[in-house]
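J.: Below you will find the structure I want to go over with you.
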Amino acid sequence: MEIALVGIGKIAVDQHVPAIAASPDWELTATVSRHGTVPGVMAYDDFDQMLAERSEVRVVSLCLPPVPRFDYARRAIAAGRHVMLEKPPGATLSECHALEALARRHRVSIYATWHSRQADKVPAAKAWLKDKRLERLTITWREDVRQWHPGQDWVFEAGGLGVFDPGINALSILTEILPDPVHLTGAELHFPENRETPIAASCRFHHPQGAEVTMDLDWLEPGAPTWSIEAVTDAGVLLLEQGGGALSIDGVAQEALPGLSGEYPRLYDQMAKLVKTGGSEMDLSPLRHVADAFLLGRRVTAPAFAW
Ligand code: NAP
């Protein structure tokens with residue numbers, strides 16, 4: 001299937017282009033970006049022109065930041081294209097619901113991707129937790145924003161999510177591996193005095209069986225990142241590290257379940273299946289937790305941030 005990539009920036013170049021190139025399902029035949037291009041691929045800087053001129057491109061993958069994404073997704077669906085959304089699927093829950101309804105009306109597939117759910121050890125973690133009684137779960141997601149988002153001011157602008165941009169990856173794993181749903185009961189959000197989104201956050205969640213569930217996010221962690229989830233259960237301690245890439249149970253390293261390797265190859269494999277079967281996938285639960293944190297979170301002013 002022919003596919004167009006929109007927003008040729010960091011994640012498009014790092015992950016989407018190689019994953020599409022390696023896939024037997026896809027051929028990248030158009031890009032839309034104001035500045036970026038992919039060698040050998042026809043480049044547009046006008047999205048409507050691409051949609052009008054390239055009817056054979058049935059699928060559009062949107063790699064823009066969340067705020068501009070809705071308008072591109074809306075136009076793609078209205079033009080009868082299947083749409084794949086980078087995470088988070090939108091800047092608000094309402095616009096995601098609107099896209100889902102629009103896709104249904106136009107009978108196209110829409111896929112809200114969560115790349116961290118495709119990390120190697122996430123399925124094994126989910127399988128292990130299925131029949132355990134959870135006592136405590138601790139998410140620790142700490143990294144250096146200057147290393148992972150160098151100069152990307154949109155992350156600190158309203159709708160850019162701030163430290164929840166990586167934090168939502170943890171929430172996408174949490175909502176995948178836990179057998180019981182949790183909901184947020186409180187948060188503390190640290191906003192730099194010169195920015196519109198938080199640079200650190202701590203969150204607490206209600207768990208139906210009374211387990212203590214917490215999340216600690218920090219964007220000023222120097223050196224190597226920590227992307228870990230520890231789950232203490234009645235049958236041992238599960239530790240998911242490296243954003244889902246490493247798993248141990250009571251200190252013993254675990255193997256991945258068999259299957260295709262790589263987060264983005266798995267996303268594109270799933271998109272191909274959705275298009276072929278006429279399906280859609282729009283799980284908004286990670287974004288709902290972030291919205292709840294912004295609704296309920298106590299705001300604390302933090303020192304000004306400069307790149
Ligand atoms: P980015 O490089 O800052 O932006 C991607 C591209 O979007 C830019 O190159 C730009 O292309 C276009 N763009 C930016 N603002 C726009 C606007 N207002 N209107 C239209 N186009 C605009 O961002 P990124 O790091 O790739 O992240 C994009 C998405 O991927 C985010 O939702 C992020 O959470 C997700 N993601 C990022 C990473 C990562 O490591 N960075 C990892 C996983 C997922 P032009 O200027 O050429 O139009």
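The way I read the labels, and the way they are meant: chains A, B, ... in the order of the structure tokens, residue 1 as the first residue of every chain, and ligand 1 as the first ligand shown, with later ones counted on from there.
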May I have the residues within 10 Å of Leu260 (chain A) as an MDAnalysis selection string, using only C-alpha atoms and disregarding those fewer than 6 positions away in the same chain?
T.: chainID A and resid 118 120 266 269
J.: Based on the selection just made, write all heavy atoms of those residues as a PDB file, in the first residue's frame.
T.:
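File produced: part-v3.pdb:
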ATOM      1  N   GLN A 118       4.410  -1.375  22.167  1.00  0.00           N
ATOM      2  CA  GLN A 118       5.009  -2.376  21.265  1.00  0.00           C
ATOM      3  C   GLN A 118       6.423  -2.744  21.692  1.00  0.00           C
ATOM      4  O   GLN A 118       7.102  -3.495  20.979  1.00  0.00           O
ATOM      5  CB  GLN A 118       5.036  -1.838  19.829  1.00  0.00           C
ATOM      6  CG  GLN A 118       3.690  -1.377  19.317  1.00  0.00           C
ATOM      7  CD  GLN A 118       2.672  -2.497  19.261  1.00  0.00           C
ATOM      8  OE1 GLN A 118       3.033  -3.665  19.133  1.00  0.00           O
ATOM      9  NE2 GLN A 118       1.409  -2.149  19.359  1.00  0.00           N
ATOM     10  N   ASP A 120       9.513  -4.611  23.404  1.00  0.00           N
ATOM     11  CA  ASP A 120       9.703  -6.077  23.390  1.00  0.00           C
ATOM     12  C   ASP A 120       9.040  -6.834  24.534  1.00  0.00           C
ATOM     13  O   ASP A 120       8.470  -7.890  24.340  1.00  0.00           O
ATOM     14  CB  ASP A 120      11.200  -6.392  23.442  1.00  0.00           C
ATOM     15  CG  ASP A 120      11.827  -6.290  22.064  1.00  0.00           C
ATOM     16  OD1 ASP A 120      11.054  -6.111  21.086  1.00  0.00           O
ATOM     17  OD2 ASP A 120      13.059  -6.380  21.964  1.00  0.00           O
ATOM     18  N   ARG A 266       6.203  -2.975  14.418  1.00  0.00           N
ATOM     19  CA  ARG A 266       4.946  -3.567  14.923  1.00  0.00           C
ATOM     20  C   ARG A 266       3.767  -2.620  14.692  1.00  0.00           C
ATOM     21  O   ARG A 266       2.665  -3.066  14.379  1.00  0.00           O
ATOM     22  CB  ARG A 266       5.074  -3.889  16.411  1.00  0.00           C
ATOM     23  CG  ARG A 266       5.998  -5.068  16.667  1.00  0.00           C
ATOM     24  CD  ARG A 266       6.148  -5.326  18.159  1.00  0.00           C
ATOM     25  NE  ARG A 266       7.080  -6.389  18.405  1.00  0.00           N
ATOM     26  CZ  ARG A 266       8.095  -6.334  19.274  1.00  0.00           C
ATOM     27  NH1 ARG A 266       8.292  -5.250  19.993  1.00  0.00           N
ATOM     28  NH2 ARG A 266       8.906  -7.357  19.436  1.00  0.00           N
ATOM     29  N   ASP A 269       2.841  -2.855  11.061  1.00  0.00           N
ATOM     30  CA  ASP A 269       2.221  -4.161  10.827  1.00  0.00           C
ATOM     31  C   ASP A 269       0.742  -4.106  11.257  1.00  0.00           C
ATOM     32  O   ASP A 269      -0.154  -4.575  10.544  1.00  0.00           O
ATOM     33  CB  ASP A 269       2.991  -5.223  11.629  1.00  0.00           C
ATOM     34  CG  ASP A 269       2.435  -6.610  11.430  1.00  0.00           C
ATOM     35  OD1 ASP A 269       2.424  -7.076  10.279  1.00  0.00           O
ATOM     36  OD2 ASP A 269       1.991  -7.228  12.415  1.00  0.00           O
TER      37      ASP A 269
END
J.: Could you list the protein, DNA and RNA residues that have any atom within 6 Å of ligand 1, counting only C-alpha atoms and all ligand atoms, and write them as a list in words?
T.: Gly7, Ile8, Gly9, Lys10, Ile11, Ala12, Ser33, Arg34, His35, Gly36, Cys63, Leu64, Pro65, Pro66, Pro68, Glu86, Lys87, Pro88, His149, Gln152 and Asp165 of chain A
J.: Hey, what does DSSP flag as alpha helix (DSSP H) within region 15-209 of chain A? Can you give it to me as a ChimeraX atom specification?
T.: /A:17-22,47-53,66-78,93-105,122-129,145-148,164-177
J.: Between CA of Ala293 (chain A) and CA of Cys203 (chain A), what is the spacing in Å?
T.: 7.3 Å
J.: Counting only C-alpha atoms, which of A:Met1, A:Ala124, A:Leu129, A:Ala272 gets nearest to Asp234 (chain A)?
T.: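 Looking only at the distances to Asp234 (chain A), the closest residue turns out to be A:Leu129.
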J.: With only C-alpha atoms as the basis for distance, which of A:Thr301, A:Gln242, A:Ser116, A:Ser248 is at the shortest distance from Ile199 (chain A)?
T.: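 Checking each candidate against Ile199 (chain A), we get A:Thr301 as the closest.
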J.: Just list as a ChimeraX atom specification whatever in region 29-192 of chain A DSSP marks as strand (DSSP E).
T.: /A:29-32,43-44,59-62,82-85,110-112,134-142,183-192
J.: Identify, on the basis of only C-alpha atoms, every residue whose closest approach to Gly223 (chain A) does not exceed 10 Å; exclude the query and any residue fewer than 3 positions from it along the same chain; express the result as a PyMOL selection string.
T.: chain A and resi 142-144+147+220+226
J.: If we count only C-alpha atoms and set the cut-off at 7 Å, which residues sit around region 176-186 of chain A, ignoring sequence neighbours fewer than 4 positions away in its own chain? Please answer as a list in words.
T.: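 My list of contacting residues is Arg117, Ala125, Lys126, Leu129, Lys130, Ser172, Cys203, Arg204, Phe205, His206, His207, Pro208, His289, Asp292, Ala293, Leu296 and Gly297 of chain A.
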J.: Quick one: write out the picked residues with all heavy atoms as a compact mmCIF listing (two decimals), in the first residue's frame?
T.:
# COMPACT_ATOMS: atom_id res chain seq x y z
N ARG A 117 3.80 0.62 23.86
CA ARG A 117 3.08 -0.66 24.06
C ARG A 117 3.69 -1.77 23.22
O ARG A 117 3.44 -2.95 23.48
CB ARG A 117 1.61 -0.51 23.65
CG ARG A 117 0.79 0.15 24.70
CD ARG A 117 -0.68 0.09 24.32
NE ARG A 117 -1.45 0.78 25.33
CZ ARG A 117 -2.74 1.08 25.22
NH1 ARG A 117 -3.39 0.76 24.12
NH2 ARG A 117 -3.36 1.69 26.20
N ALA A 125 5.13 -8.94 30.21
CA ALA A 125 4.75 -8.32 31.49
C ALA A 125 3.25 -8.43 31.70
O ALA A 125 2.77 -8.77 32.79
CB ALA A 125 5.19 -6.85 31.50
N LYS A 126 2.50 -8.16 30.66
CA LYS A 126 1.03 -8.25 30.74
C LYS A 126 0.59 -9.68 31.07
O LYS A 126 -0.27 -9.90 31.94
CB LYS A 126 0.43 -7.82 29.39
CG LYS A 126 -1.07 -7.90 29.34
CD LYS A 126 -1.60 -7.41 28.00
CE LYS A 126 -3.12 -7.45 27.99
NZ LYS A 126 -3.69 -6.71 26.87
N LEU A 129 1.34 -10.48 34.79
CA LEU A 129 0.52 -9.77 35.77
C LEU A 129 -0.94 -10.24 35.80
O LEU A 129 -1.66 -9.98 36.78
CB LEU A 129 0.54 -8.26 35.49
CG LEU A 129 1.80 -7.52 35.92
CD1 LEU A 129 1.78 -6.09 35.38
CD2 LEU A 129 1.93 -7.50 37.45
N LYS A 130 -1.34 -10.93 34.76
CA LYS A 130 -2.76 -11.26 34.56
C LYS A 130 -3.43 -11.90 35.78
O LYS A 130 -4.53 -11.53 36.16
CB LYS A 130 -2.86 -12.22 33.36
CG LYS A 130 -4.20 -12.30 32.75
CD LYS A 130 -4.11 -12.99 31.39
CE LYS A 130 -5.52 -13.32 30.94
NZ LYS A 130 -5.71 -14.65 30.50
N SER A 172 0.77 4.50 28.62
CA SER A 172 0.30 3.57 27.58
C SER A 172 0.68 2.14 27.94
O SER A 172 -0.06 1.20 27.64
CB SER A 172 0.83 3.96 26.20
OG SER A 172 2.20 3.67 26.06
N CYS A 203 2.09 11.67 40.34
CA CYS A 203 0.66 11.34 40.23
C CYS A 203 0.34 10.14 41.11
O CYS A 203 1.18 9.25 41.29
CB CYS A 203 0.30 10.98 38.78
SG CYS A 203 0.67 12.26 37.59
N ARG A 204 -0.89 10.12 41.61
CA ARG A 204 -1.38 8.97 42.38
C ARG A 204 -2.66 8.45 41.72
O ARG A 204 -3.43 9.24 41.17
CB ARG A 204 -1.72 9.39 43.82
CG ARG A 204 -0.56 9.98 44.58
CD ARG A 204 -0.99 10.47 45.96
NE ARG A 204 -1.95 11.55 45.93
CZ ARG A 204 -1.66 12.81 45.62
NH1 ARG A 204 -0.43 13.15 45.29
NH2 ARG A 204 -2.61 13.74 45.63
N PHE A 205 -2.86 7.15 41.83
CA PHE A 205 -4.01 6.53 41.17
C PHE A 205 -4.77 5.64 42.15
O PHE A 205 -4.17 5.03 43.04
CB PHE A 205 -3.55 5.65 40.00
CG PHE A 205 -2.82 6.41 38.92
CD1 PHE A 205 -1.45 6.66 39.03
CD2 PHE A 205 -3.50 6.89 37.80
CE1 PHE A 205 -0.77 7.37 38.04
CE2 PHE A 205 -2.83 7.59 36.81
CZ PHE A 205 -1.46 7.83 36.94
N HIS A 206 -6.08 5.56 41.93
CA HIS A 206 -6.91 4.59 42.65
C HIS A 206 -6.85 3.26 41.92
O HIS A 206 -6.97 3.20 40.70
CB HIS A 206 -8.36 5.09 42.69
CG HIS A 206 -9.31 4.05 43.20
ND1 HIS A 206 -9.54 3.86 44.54
CD2 HIS A 206 -10.07 3.13 42.55
CE1 HIS A 206 -10.41 2.87 44.69
NE2 HIS A 206 -10.75 2.41 43.50
N HIS A 207 -6.64 2.18 42.70
CA HIS A 207 -6.65 0.83 42.13
C HIS A 207 -7.80 0.08 42.78
O HIS A 207 -7.99 0.14 44.00
CB HIS A 207 -5.31 0.14 42.42
CG HIS A 207 -5.21 -1.23 41.85
ND1 HIS A 207 -5.55 -2.35 42.56
CD2 HIS A 207 -4.85 -1.66 40.62
CE1 HIS A 207 -5.37 -3.42 41.80
NE2 HIS A 207 -4.94 -3.03 40.62
N PRO A 208 -8.60 -0.65 41.99
CA PRO A 208 -9.81 -1.26 42.56
C PRO A 208 -9.53 -2.23 43.71
O PRO A 208 -10.38 -2.39 44.58
CB PRO A 208 -10.45 -1.99 41.36
CG PRO A 208 -9.53 -1.84 40.21
CD PRO A 208 -8.51 -0.81 40.53
N HIS A 289 -5.75 9.78 31.32
CA HIS A 289 -5.03 9.98 32.59
C HIS A 289 -4.30 11.33 32.60
O HIS A 289 -4.22 11.99 33.64
CB HIS A 289 -4.03 8.85 32.81
CG HIS A 289 -4.68 7.53 33.11
ND1 HIS A 289 -5.64 7.36 34.08
CD2 HIS A 289 -4.49 6.30 32.56
CE1 HIS A 289 -6.02 6.10 34.13
NE2 HIS A 289 -5.34 5.43 33.21
N ASP A 292 -6.77 14.03 33.16
CA ASP A 292 -7.15 14.04 34.57
C ASP A 292 -6.08 14.74 35.43
O ASP A 292 -6.40 15.46 36.38
CB ASP A 292 -7.38 12.62 35.09
CG ASP A 292 -8.69 12.02 34.56
OD1 ASP A 292 -9.48 12.76 33.93
OD2 ASP A 292 -8.91 10.81 34.77
N ALA A 293 -4.83 14.50 35.09
CA ALA A 293 -3.74 15.14 35.85
C ALA A 293 -3.80 16.66 35.70
O ALA A 293 -3.61 17.41 36.66
CB ALA A 293 -2.38 14.61 35.40
N LEU A 296 -6.92 17.79 37.81
CA LEU A 296 -6.90 17.61 39.25
C LEU A 296 -5.58 18.06 39.89
O LEU A 296 -5.50 18.24 41.10
CB LEU A 296 -7.11 16.10 39.54
CG LEU A 296 -7.74 15.64 40.84
CD1 LEU A 296 -9.04 16.37 41.11
CD2 LEU A 296 -7.99 14.13 40.76
N GLY A 297 -4.56 18.21 39.05
CA GLY A 297 -3.21 18.44 39.59
C GLY A 297 -3.06 19.79 40.28
O GLY A 297 -3.57 20.81 39.81
J.: In terms of the shortest atom-to-atom distance over only C-alpha atoms, which of A:His115, A:Arg107, A:Arg195, A:Arg69 is closest to Glu95 (chain A)?
T.: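 Counting only C-alpha atoms, the residue closest to Glu95 (chain A) is A:Arg69.
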J.: Residues within 7 Å of Ala211 (chain A), please, as a list in words. Count only C-alpha atoms; anything in the same chain fewer than 4 positions from it doesn't count.
T.: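 So the residues in contact are Leu134, Glu135, Arg136 and His207 of chain A.
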J.: My list of candidates is A:Ala119, A:Val145, A:Val213, A:Met271. Which is closest to Gly243 (chain A) when distances are computed with only C-alpha atoms?
T.: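 Among A:Ala119, A:Val145, A:Val213, A:Met271, it is A:Ala119 that comes nearest to Gly243 (chain A).
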J.: Would you pick out the contacts of Gly279 (chain A) at 8 Å or less, using only C-alpha atoms, so that residues sharing its chain but fewer than 6 positions from it are not included, and give the list as a ChimeraX atom specification?
T.: /A:109-110,273
J.: Please identify all polymer residues within 6 Å of Val237 (chain A), counting only C-alpha atoms, omitting same-chain residues fewer than 3 positions from it, and present them as an mmCIF file with C-alpha atoms, in the first residue's frame.
T.:
data_model
loop_
_atom_site.group_PDB
_atom_site.id
_atom_site.type_symbol
_atom_site.label_atom_id
_atom_site.label_comp_id
_atom_site.auth_asym_id
_atom_site.auth_seq_id
_atom_site.Cartn_x
_atom_site.Cartn_y
_atom_site.Cartn_z
ATOM 1 C CA ALA A 231 5.011 -3.951 40.258
ATOM 2 C CA VAL A 232 5.036 -5.629 43.674
ATOM 3 C CA THR A 233 2.561 -8.510 43.759
ATOM 4 C CA ILE A 249 10.737 -11.161 37.754
ATOM 5 C CA ASP A 250 12.300 -11.330 41.231
#
J.: Quick one: of A:Leu239, A:Ala19, A:Ile3, A:Ala306, who's nearest to Leu51 (chain A), counting only C-alpha atoms?
T.: A:Ile3
